[in-house]
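Asker: Next up is a structure, given as structure tokens.
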Amino acid sequence: MKSMTDAAADYSAWIGRREISDDELALAPALAAAATLDDTLTHFEKGSPLPPLWHWFYFLPRAPQAQLDVDGHPQRGGFMPPIPYPRRMFAGARLRFHRPLLIGQPARREALIRDIRQKSGRSGSLAFVSLLCSFYQDGVLCIEEEQDIVYREPGPAVARPRVIDWPPVDNATWSRIVTPDPTLLFRFSALTFNAHRIHYDRPYAVDEEGYPGLVVHGPLTAVLLMELLRKNAPRPVASFSFRGLAPLFDLAPFRLLCSGNDGRMSLEALAPDGVAAMSASADLMPA
């Protein structure tokens with residue numbers, strides 16, 4: 001019998017597994033998200049379209065308290081494979097927006113595990129889970145999302161980031177400086193029902209997982225990039241992809257940038273030292 005810590009463990013039985021969840025897309029989560037993201041201009045009511053990526057505030061797993069692991073995540077097994085590596089990250093995704101989900105109308109999420117790959121690198125053993133999520137309303141496909149979930153072994157402690165003075169940006173680039181304080185991280189954890197302790201429990205994040213501070217959620221960074229685009233772009237977003245490159249922490253502000261032309265946009269989140277922590281791209285709907 002193979003150990004749970006055996007890098008050669010076979011998870012092929014999980015490939016092809018499906019999970020279906022339904023949600024009424026209530027108004028309250030959208031209003032809470034708007035407050036968390038300081039969106040005081042968009043009017044939300046029943047029937048309003050959800051902004052892109054805000055579907056992450058719905059279809060949430062609700063594991064009982066007794067079934068949470070020591071890190072705050074649901075215990076391994078069930079729909080997702082029981083990969084034992086403690087560092088779990090939503091590392092990236094590719095999304096296509098066919099039509100907006102509407103608030104206050106029932107919707108369905110269908111998730112499919114497409115692939116599971118394991119490998120060893122300089123930082124230790126890793127496992128990659130590829131997940132396809134399809135979102136429907138009135139039987140019509142609204143959003144397709146391919147997620148990359150990464151599991152990795154514990155690594156060396158992560159150094160505190162350097163802080164530089166931000167260089168100026170040109171007039172064609174949209175930018176924003178974000179201060180990721182613990183309150184923002186707590187509220188985003190609450191919005192996504194995410195109990196992972198690295199986002200709100202500083203002693204755990206520092207002493208147990210080796211981070212220099214609280215970790216900014218990858219999806220929060222992606223949402224903030226999308227909000228920068230949504231509030232400045234002349235047309236709706238047709239597709240969006242992002243990839244996490246390095247963690248961000250609540251120790252210093254980070255910078256968001258967006259530029260492009262002909263409807264093809266490039267985005268990135270820069271850590272306090274000026275190094276890219278997340279890269280992203282987007283296509284706008286045709287004019």
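Note on naming: chains are A, B, ... as they come in the structure tokens, residues start from 1 per chain, ligands start from 1 in the order shown.
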Residues within 8 Å of Ala91 of chain A, please, as a ChimeraX atom specification. Count only C-alpha atoms; anything in the same chain fewer than 5 positions from it doesn't count.

Answerer: /A:147-150,218,243-244

Asker: Please dump the current selection as an mmCIF file, in the first residue's frame; keep all heavy atoms.

Answerer:
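Output below, filename selection-v1.cif:
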data_model
loop_
_atom_site.group_PDB
_atom_site.id
_atom_site.type_symbol
_atom_site.label_atom_id
_atom_site.label_comp_id
_atom_site.auth_asym_id
_atom_site.auth_seq_id
_atom_site.Cartn_x
_atom_site.Cartn_y
_atom_site.Cartn_z
ATOM 1 N N GLN A 147 -8.879 25.782 -14.596
ATOM 2 C CA GLN A 147 -8.092 26.137 -13.410
ATOM 3 C C GLN A 147 -6.855 25.260 -13.296
ATOM 4 O O GLN A 147 -6.883 24.068 -13.624
ATOM 5 C CB GLN A 147 -8.924 25.975 -12.137
ATOM 6 C CG GLN A 147 -10.107 26.896 -12.009
ATOM 7 C CD GLN A 147 -10.817 26.720 -10.674
ATOM 8 O OE1 GLN A 147 -10.448 25.883 -9.847
ATOM 9 N NE2 GLN A 147 -11.854 27.515 -10.445
ATOM 10 N N ASP A 148 -5.768 25.851 -12.796
ATOM 11 C CA ASP A 148 -4.546 25.126 -12.475
ATOM 12 C C ASP A 148 -4.360 25.178 -10.960
ATOM 13 O O ASP A 148 -4.118 26.260 -10.395
ATOM 14 C CB ASP A 148 -3.335 25.753 -13.163
ATOM 15 C CG ASP A 148 -3.480 25.791 -14.677
ATOM 16 O OD1 ASP A 148 -3.979 24.798 -15.233
ATOM 17 O OD2 ASP A 148 -3.093 26.804 -15.288
ATOM 18 N N ILE A 149 -4.491 24.032 -10.308
ATOM 19 C CA ILE A 149 -4.290 23.926 -8.874
ATOM 20 C C ILE A 149 -2.969 23.209 -8.648
ATOM 21 O O ILE A 149 -2.731 22.131 -9.198
ATOM 22 C CB ILE A 149 -5.429 23.144 -8.191
ATOM 23 C CG1 ILE A 149 -6.796 23.666 -8.654
ATOM 24 C CG2 ILE A 149 -5.299 23.204 -6.676
ATOM 25 C CD1 ILE A 149 -7.074 25.102 -8.289
ATOM 26 N N VAL A 150 -2.085 23.816 -7.836
ATOM 27 C CA VAL A 150 -0.756 23.258 -7.599
ATOM 28 C C VAL A 150 -0.615 22.894 -6.129
ATOM 29 O O VAL A 150 -0.973 23.673 -5.241
ATOM 30 C CB VAL A 150 0.353 24.260 -7.999
ATOM 31 C CG1 VAL A 150 1.725 23.689 -7.675
ATOM 32 C CG2 VAL A 150 0.257 24.587 -9.482
ATOM 33 N N GLY A 218 -4.231 34.511 -4.366
ATOM 34 C CA GLY A 218 -4.052 34.646 -5.808
ATOM 35 C C GLY A 218 -5.314 35.133 -6.500
ATOM 36 O O GLY A 218 -5.252 36.043 -7.349
ATOM 37 N N ARG A 243 -1.551 33.919 -14.477
ATOM 38 C CA ARG A 243 -0.625 32.930 -13.916
ATOM 39 C C ARG A 243 0.107 33.557 -12.747
ATOM 40 O O ARG A 243 0.691 34.644 -12.877
ATOM 41 C CB ARG A 243 0.373 32.465 -14.983
ATOM 42 C CG ARG A 243 1.306 31.363 -14.518
ATOM 43 C CD ARG A 243 1.973 30.694 -15.705
ATOM 44 N NE ARG A 243 2.833 31.606 -16.432
ATOM 45 C CZ ARG A 243 4.163 31.679 -16.254
ATOM 46 N NH1 ARG A 243 4.759 30.900 -15.373
ATOM 47 N NH2 ARG A 243 4.877 32.522 -16.962
ATOM 48 N N GLY A 244 0.041 32.908 -11.594
ATOM 49 C CA GLY A 244 0.775 33.375 -10.436
ATOM 50 C C GLY A 244 2.252 33.035 -10.563
ATOM 51 O O GLY A 244 2.616 31.912 -10.915
#

Asker: Could you pull out the residues in segment 30-117 of chain A that DSSP calls strand (DSSP E or B) from the backbone, as a ChimeraX atom specification?

Answerer: /A:49,68,74,77,80,87-97,102,107-117

Asker: Produce a file of the selected residues containing N, CA, C and O atoms, as a compact mmCIF listing (two decimals), in the first residue's frame.

Answerer:
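Written out: result.txt:
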# COMPACT_ATOMS: atom_id res chain seq x y z
N PRO A 49 -26.02 41.98 -14.23
CA PRO A 49 -24.96 41.04 -14.59
C PRO A 49 -23.85 41.03 -13.55
O PRO A 49 -23.48 42.08 -13.02
N LEU A 68 -12.33 20.23 8.56
CA LEU A 68 -11.23 21.08 8.10
C LEU A 68 -9.91 20.50 8.58
O LEU A 68 -9.80 19.96 9.68
N PRO A 74 -10.42 22.21 3.60
CA PRO A 74 -11.12 20.95 3.81
C PRO A 74 -10.15 19.78 3.73
O PRO A 74 -9.15 19.82 2.98
N GLY A 77 -9.29 14.50 -0.12
CA GLY A 77 -10.17 13.44 -0.54
C GLY A 77 -11.47 14.02 -1.07
O GLY A 77 -11.59 15.22 -1.28
N MET A 80 -11.72 16.37 -4.95
CA MET A 80 -10.32 16.60 -5.30
C MET A 80 -9.46 15.45 -4.75
O MET A 80 -9.77 14.88 -3.71
N ARG A 87 1.40 22.85 0.75
CA ARG A 87 1.22 24.14 0.11
C ARG A 87 0.31 23.98 -1.11
O ARG A 87 0.69 23.37 -2.10
N ARG A 88 -0.89 24.54 -1.01
CA ARG A 88 -1.87 24.40 -2.08
C ARG A 88 -2.19 25.79 -2.62
O ARG A 88 -2.49 26.70 -1.86
N MET A 89 -2.15 25.91 -3.94
CA MET A 89 -2.31 27.22 -4.56
C MET A 89 -3.19 27.14 -5.80
O MET A 89 -3.10 26.19 -6.57
N PHE A 90 -4.02 28.16 -5.96
CA PHE A 90 -4.76 28.38 -7.20
C PHE A 90 -3.79 29.16 -8.08
O PHE A 90 -3.69 30.37 -8.00
N ALA A 91 -3.05 28.44 -8.94
CA ALA A 91 -1.89 29.02 -9.60
C ALA A 91 -2.20 29.78 -10.87
O ALA A 91 -1.39 30.59 -11.33
N GLY A 92 -3.36 29.53 -11.47
CA GLY A 92 -3.67 30.23 -12.71
C GLY A 92 -4.96 29.71 -13.30
O GLY A 92 -5.52 28.71 -12.85
N ALA A 93 -5.45 30.41 -14.32
CA ALA A 93 -6.69 29.99 -14.98
C ALA A 93 -6.80 30.67 -16.33
O ALA A 93 -6.16 31.69 -16.60
N ARG A 94 -7.64 30.08 -17.17
CA ARG A 94 -7.98 30.64 -18.48
C ARG A 94 -9.51 30.63 -18.57
O ARG A 94 -10.14 29.58 -18.39
N LEU A 95 -10.09 31.80 -18.82
CA LEU A 95 -11.55 31.94 -18.80
C LEU A 95 -12.06 32.53 -20.10
O LEU A 95 -11.41 33.39 -20.70
N ARG A 96 -13.24 32.05 -20.50
CA ARG A 96 -13.95 32.61 -21.64
C ARG A 96 -15.34 33.01 -21.16
O ARG A 96 -16.07 32.19 -20.58
N PHE A 97 -15.69 34.27 -21.40
CA PHE A 97 -16.96 34.82 -20.96
C PHE A 97 -17.90 34.91 -22.16
O PHE A 97 -17.74 35.78 -23.03
N LEU A 102 -26.48 36.31 -14.31
CA LEU A 102 -27.37 37.34 -13.80
C LEU A 102 -27.69 37.08 -12.33
O LEU A 102 -28.01 35.94 -11.95
N ALA A 107 -28.24 29.20 -11.14
CA ALA A 107 -27.14 28.87 -12.05
C ALA A 107 -26.51 27.56 -11.60
O ALA A 107 -26.69 27.13 -10.45
N ARG A 108 -25.77 26.95 -12.49
CA ARG A 108 -25.14 25.66 -12.20
C ARG A 108 -23.67 25.70 -12.58
O ARG A 108 -23.29 26.28 -13.61
N ARG A 109 -22.87 25.07 -11.74
CA ARG A 109 -21.44 24.90 -11.99
C ARG A 109 -21.16 23.41 -12.16
O ARG A 109 -21.49 22.61 -11.29
N GLU A 110 -20.55 23.06 -13.28
CA GLU A 110 -20.14 21.68 -13.52
C GLU A 110 -18.62 21.64 -13.59
O GLU A 110 -18.02 22.33 -14.42
N ALA A 111 -18.01 20.88 -12.69
CA ALA A 111 -16.56 20.79 -12.60
C ALA A 111 -16.08 19.41 -13.02
O ALA A 111 -16.72 18.40 -12.69
N LEU A 112 -14.99 19.37 -13.75
CA LEU A 112 -14.42 18.12 -14.26
C LEU A 112 -12.91 18.13 -14.02
O LEU A 112 -12.23 19.09 -14.40
N ILE A 113 -12.40 17.08 -13.39
CA ILE A 113 -10.94 16.93 -13.25
C ILE A 113 -10.40 16.37 -14.56
O ILE A 113 -10.69 15.23 -14.92
N ARG A 114 -9.63 17.18 -15.26
CA ARG A 114 -9.15 16.79 -16.59
C ARG A 114 -7.82 16.05 -16.55
O ARG A 114 -7.56 15.18 -17.38
N ASP A 115 -6.97 16.43 -15.60
CA ASP A 115 -5.63 15.82 -15.59
C ASP A 115 -5.00 16.01 -14.22
O ASP A 115 -5.32 16.98 -13.50
N ILE A 116 -4.11 15.09 -13.86
CA ILE A 116 -3.31 15.20 -12.64
C ILE A 116 -1.89 14.78 -13.02
O ILE A 116 -1.67 13.69 -13.54
N ARG A 117 -0.95 15.66 -12.78
CA ARG A 117 0.45 15.37 -13.11
C ARG A 117 1.32 15.61 -11.88
O ARG A 117 1.09 16.55 -11.12

Asker: Please identify which residues in segment 126-193 of chain A DSSP calls helix (DSSP H, G or I) from the backbone, and express them as JSON, numbers by chain.

Answerer: {"A": [182, 183, 184, 185, 186, 187, 188, 189, 190, 191]}

Asker: May I have the residues within 12 Å of Asn261 of chain A as a list in words, using only C-alpha atoms and disregarding those fewer than 5 positions away in the same chain?

Answerer: Ala172, Thr173, Ala233, Pro234, Ser266, Ser281, Ala282, Asp283 and Leu284 of chain A

Asker: Nearest to Leu224 of chain A: which of A:Tyr136, A:Tyr58, A:Phe242, A:Phe79 is it, counting only C-alpha atoms?

Answerer: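 Among the listed residues, the smallest separation from Leu224 of chain A belongs to A:Phe242.
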
Asker: Using only C-alpha atoms, which residue out of A:Pro84, A:Pro100, A:Pro161, A:Gly78 lies closest to Val140 of chain A?

Answerer: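 When distances to Val140 of chain A are compared using only C-alpha atoms, the smallest one comes from A:Pro100.
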
Asker: In terms of the shortest atom-to-atom distance over only C-alpha atoms, which of A:Lys231, A:Arg187, A:Arg160, A:His217 is closest to Asp39 of chain A?

Answerer: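 Nearest to Asp39 of chain A: A:Lys231.
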
Asker: What are the closest atom pairs, with distances in Å to one decimal, for each residue of segment 32-151 of chain A lying within 12 Å of segment 192-212 of chain A, using only C-alpha atoms, rows by chain and rising residue number, as a tab-separated table?

Answerer:
residue	atom	partner	partner_atom	distance
A:Ala32	CA	A:Thr192	CA	10.8
A:Ala33	CA	A:Thr192	CA	9.6
A:Thr36	CA	A:Thr192	CA	11.8
A:Leu53	CA	A:Thr192	CA	11.9
A:Trp54	CA	A:Thr192	CA	10.1
A:His55	CA	A:Thr192	CA	10.0
A:Trp56	CA	A:Thr192	CA	6.8
A:Phe57	CA	A:Thr192	CA	5.3
A:Tyr58	CA	A:Thr192	CA	7.5
A:Phe59	CA	A:Thr192	CA	9.2
A:Leu60	CA	A:Thr192	CA	6.7
A:Pro61	CA	A:Phe193	CA	7.6
A:Arg62	CA	A:Phe193	CA	7.6
A:Ala63	CA	A:Phe193	CA	9.7
A:Pro64	CA	A:Ala195	CA	11.4
A:Gln65	CA	A:Ala195	CA	9.9
A:Gln67	CA	A:Ala195	CA	11.8
A:Leu68	CA	A:Ala195	CA	8.5
A:Asp69	CA	A:His196	CA	9.3
A:Val70	CA	A:Arg197	CA	8.7
A:Asp71	CA	A:Arg197	CA	5.7
A:Gly72	CA	A:His196	CA	4.4
A:His73	CA	A:His196	CA	5.4
A:Pro74	CA	A:Ala195	CA	8.6
A:Gln75	CA	A:His196	CA	11.5
A:Tyr85	CA	A:Glu209	CA	11.7
A:Pro86	CA	A:Glu209	CA	8.6
A:Arg87	CA	A:Glu209	CA	7.9
A:Arg88	CA	A:His196	CA	9.4
A:Met89	CA	A:His196	CA	10.4

Asker: Write the residues of the preceding selection, restricted to C-alpha atoms, as a PDB file, in the first residue's frame.

Answerer:
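Full text of out_29.pdb as output:
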ATOM      1  CA  ALA A  32     -20.453  42.399  -0.069  1.00  0.00           C
ATOM      2  CA  ALA A  33     -17.924  41.996  -2.894  1.00  0.00           C
ATOM      3  CA  THR A  36     -14.742  44.837  -0.221  1.00  0.00           C
ATOM      4  CA  LEU A  53     -14.606  36.797 -12.025  1.00  0.00           C
ATOM      5  CA  TRP A  54     -17.278  37.564  -9.437  1.00  0.00           C
ATOM      6  CA  HIS A  55     -18.640  34.048  -9.922  1.00  0.00           C
ATOM      7  CA  TRP A  56     -15.834  33.100  -7.501  1.00  0.00           C
ATOM      8  CA  PHE A  57     -18.045  34.486  -4.722  1.00  0.00           C
ATOM      9  CA  TYR A  58     -20.626  31.793  -5.446  1.00  0.00           C
ATOM     10  CA  PHE A  59     -20.732  27.973  -5.737  1.00  0.00           C
ATOM     11  CA  LEU A  60     -18.603  27.793  -2.583  1.00  0.00           C
ATOM     12  CA  PRO A  61     -17.658  24.496  -0.887  1.00  0.00           C
ATOM     13  CA  ARG A  62     -19.099  24.326   2.619  1.00  0.00           C
ATOM     14  CA  ALA A  63     -17.136  21.684   4.487  1.00  0.00           C
ATOM     15  CA  PRO A  64     -18.281  21.233   8.095  1.00  0.00           C
ATOM     16  CA  GLN A  65     -15.929  22.666  10.704  1.00  0.00           C
ATOM     17  CA  GLN A  67     -13.813  18.293   8.401  1.00  0.00           C
ATOM     18  CA  LEU A  68     -11.233  21.075   8.098  1.00  0.00           C
ATOM     19  CA  ASP A  69      -7.546  20.215   8.115  1.00  0.00           C
ATOM     20  CA  VAL A  70      -4.944  21.920  10.308  1.00  0.00           C
ATOM     21  CA  ASP A  71      -4.256  24.529   7.599  1.00  0.00           C
ATOM     22  CA  GLY A  72      -7.930  25.481   7.342  1.00  0.00           C
ATOM     23  CA  HIS A  73      -8.543  23.735   4.020  1.00  0.00           C
ATOM     24  CA  PRO A  74     -11.124  20.948   3.806  1.00  0.00           C
ATOM     25  CA  GLN A  75      -9.536  17.581   4.496  1.00  0.00           C
ATOM     26  CA  TYR A  85       1.655  18.266  -0.049  1.00  0.00           C
ATOM     27  CA  PRO A  86       0.762  21.088   2.347  1.00  0.00           C
ATOM     28  CA  ARG A  87       1.220  24.145   0.109  1.00  0.00           C
ATOM     29  CA  ARG A  88      -1.874  24.399  -2.075  1.00  0.00           C
ATOM     30  CA  MET A  89      -2.311  27.223  -4.561  1.00  0.00           C
TER      31      MET A  89
END
